[in-house]
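Working notes, beginning with the structure itself.
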Amino acid sequence: MNVLSIQSHVAYGHVGNASAVFPMQRLGVEVWPVHTVQFSNHTGYGAWRGPVFDAAMIREVVRGIGERGVLSTCDAVLSGYMGSAEIGAAILEAVDAVRAANPQALYCCDPVIGDVEEGVYVRPGIEAFLRERAVPAADILTPNQFELGLLTGLPSRTLAAAGAAIAALQARGPRVVLVTSALCADTPADSIDLLAGAEGRVFRVRTPRLAIAVNGAGDCIAALFLVHYARTGSAEAALGAAAASIYGLLKRTAEAGSREILTVAAQEEYVNPSARFPVEAV
């Protein structure tokens with residue numbers, strides 16, 4: 001399996017491609033990473049160095065890959081933090097190029113906009129670009145609960161409301177929607193839910209809620225879910241596998257008291273999770 005992964009990258013720590021690439025490789029996937037930024041560290045530290053790349057650079061790198069004659073072997077494109085709407089347009093051009101060479105290729109879009117704690121933290125224009133252009137182009141969409149609300153304009157504080165918001169997104173293009181962290185009215189205070197909608201059904205996995213605040217977990221679970229869905233064709237199976245791995249990764253990170261997720265040290269969680277959780281149709 002070959003995946004073209006276009007998103008941010010940091011030298012120190014694990015967000016963007018630095019969080020997504022290695023888990024996919026550990027699962028036996030050949031990853032072609034293209035970076036939208038090259039930062040020293042993630043912006044959660046409050047200070048960082050490095051450039052934001054422009055759309056021309058993205059196009060140039062993807063063009064070079066295409067010149068190797070390998071786009072027909074690309075099984076999926078994964079995108080995350082975009083940096084600008086112009087970079088988003090270049091990413092969709094890459095998706096079109098891959099689909100032209102391999103019509104069966106999947107596009108998984110992690111629509112990075114913000115979260116409950118920080119609000120919207122992307123540049124102006126990106127939220128509208130994701131809503132109007134990326135969502136209709138995607139086969140798989142992986143918003144968090146905050147992003148689900150922004151993309152649909154709908155509430156998701158109950159399971160029924162979350163299901164309706166997922167269906168609203170699917171009606172605009174994506175066949176599968178993964179909500180990477182959901183706190184609904186019936187979610188216990190010590191738990192967190194992950195939801196996946198596909199083929200008119202919604203599945204839920206509930207895991208213990210960990211006392212941890214780190215960056216990069218969303219990037220990792222989007223990558224894991226994409227790989228498992230591409231291999232099984234089952235949103236239910238992909239949800240169960242990805243939830244188990246991300247919980248194990250975060251639990252190991254919490255136990256270590258680490259500021260950065262233990263992407264490398266906890267790698268066994270990708271292939272042999274230490275805990276698994278039931279997947280319910282809801």
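As shown in the structure tokens, the chain order sets the letters A, B, ...; within each chain, residues go from 1, and ligands are also counted from 1 in the order they appear.
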
- Task: Name the residues of region 24-134 of chain A that come out as helix (DSSP H, G or I) in a backbone DSSP run; write them as a PyMOL selection string.
- Result: chain A and resi 24-26+43-45+55-67+71-73+85-101+126-134

- Query: Quick one: residues within 10 Å of Ala164 (chain A), only C-alpha atoms counted, chain neighbours fewer than 6 positions away excluded, as a ChimeraX atom specification?
  - Reply: /A:152,154-156,158,170,197,202

- Query: Which of region 108-240 of chain A counts as strand (DSSP E or B) under DSSP, as a PyMOL selection string please?
  - Reply: chain A and resi 108-109+114-115+119-120+140-141+176-182+191-198+201-208

- Message: At a cut-off of 10 Å, using only C-alpha atoms, what residues contact Leu150 (chain A)? Leave out same-chain residues fewer than 2 positions from it and give the result as a VMD selection string.
- Response: chain A and resid 113 to 114 120 127 to 128 131 143 145 to 148 152 to 155

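Here CA of Val271 (chain A) stands at a distance of 28.7 Å from CA of Met82 (chain A).
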
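Using only C-alpha atoms, the residues found no farther than 7 Å from region 41-49 of chain A, other than those of its own chain fewer than 3 positions away, are A:Val10, A:Ala11, A:Tyr12, A:Gly13, A:Val15.
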
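What separates CA of Ala100 (chain A) from CA of Tyr229 (chain A) is a distance of 21.3 Å.
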
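Closest approach to Val177 (chain A) among A:Phe203, A:Phe129, A:Tyr247, A:Trp32 is made by A:Phe203 (distances from only C-alpha atoms).
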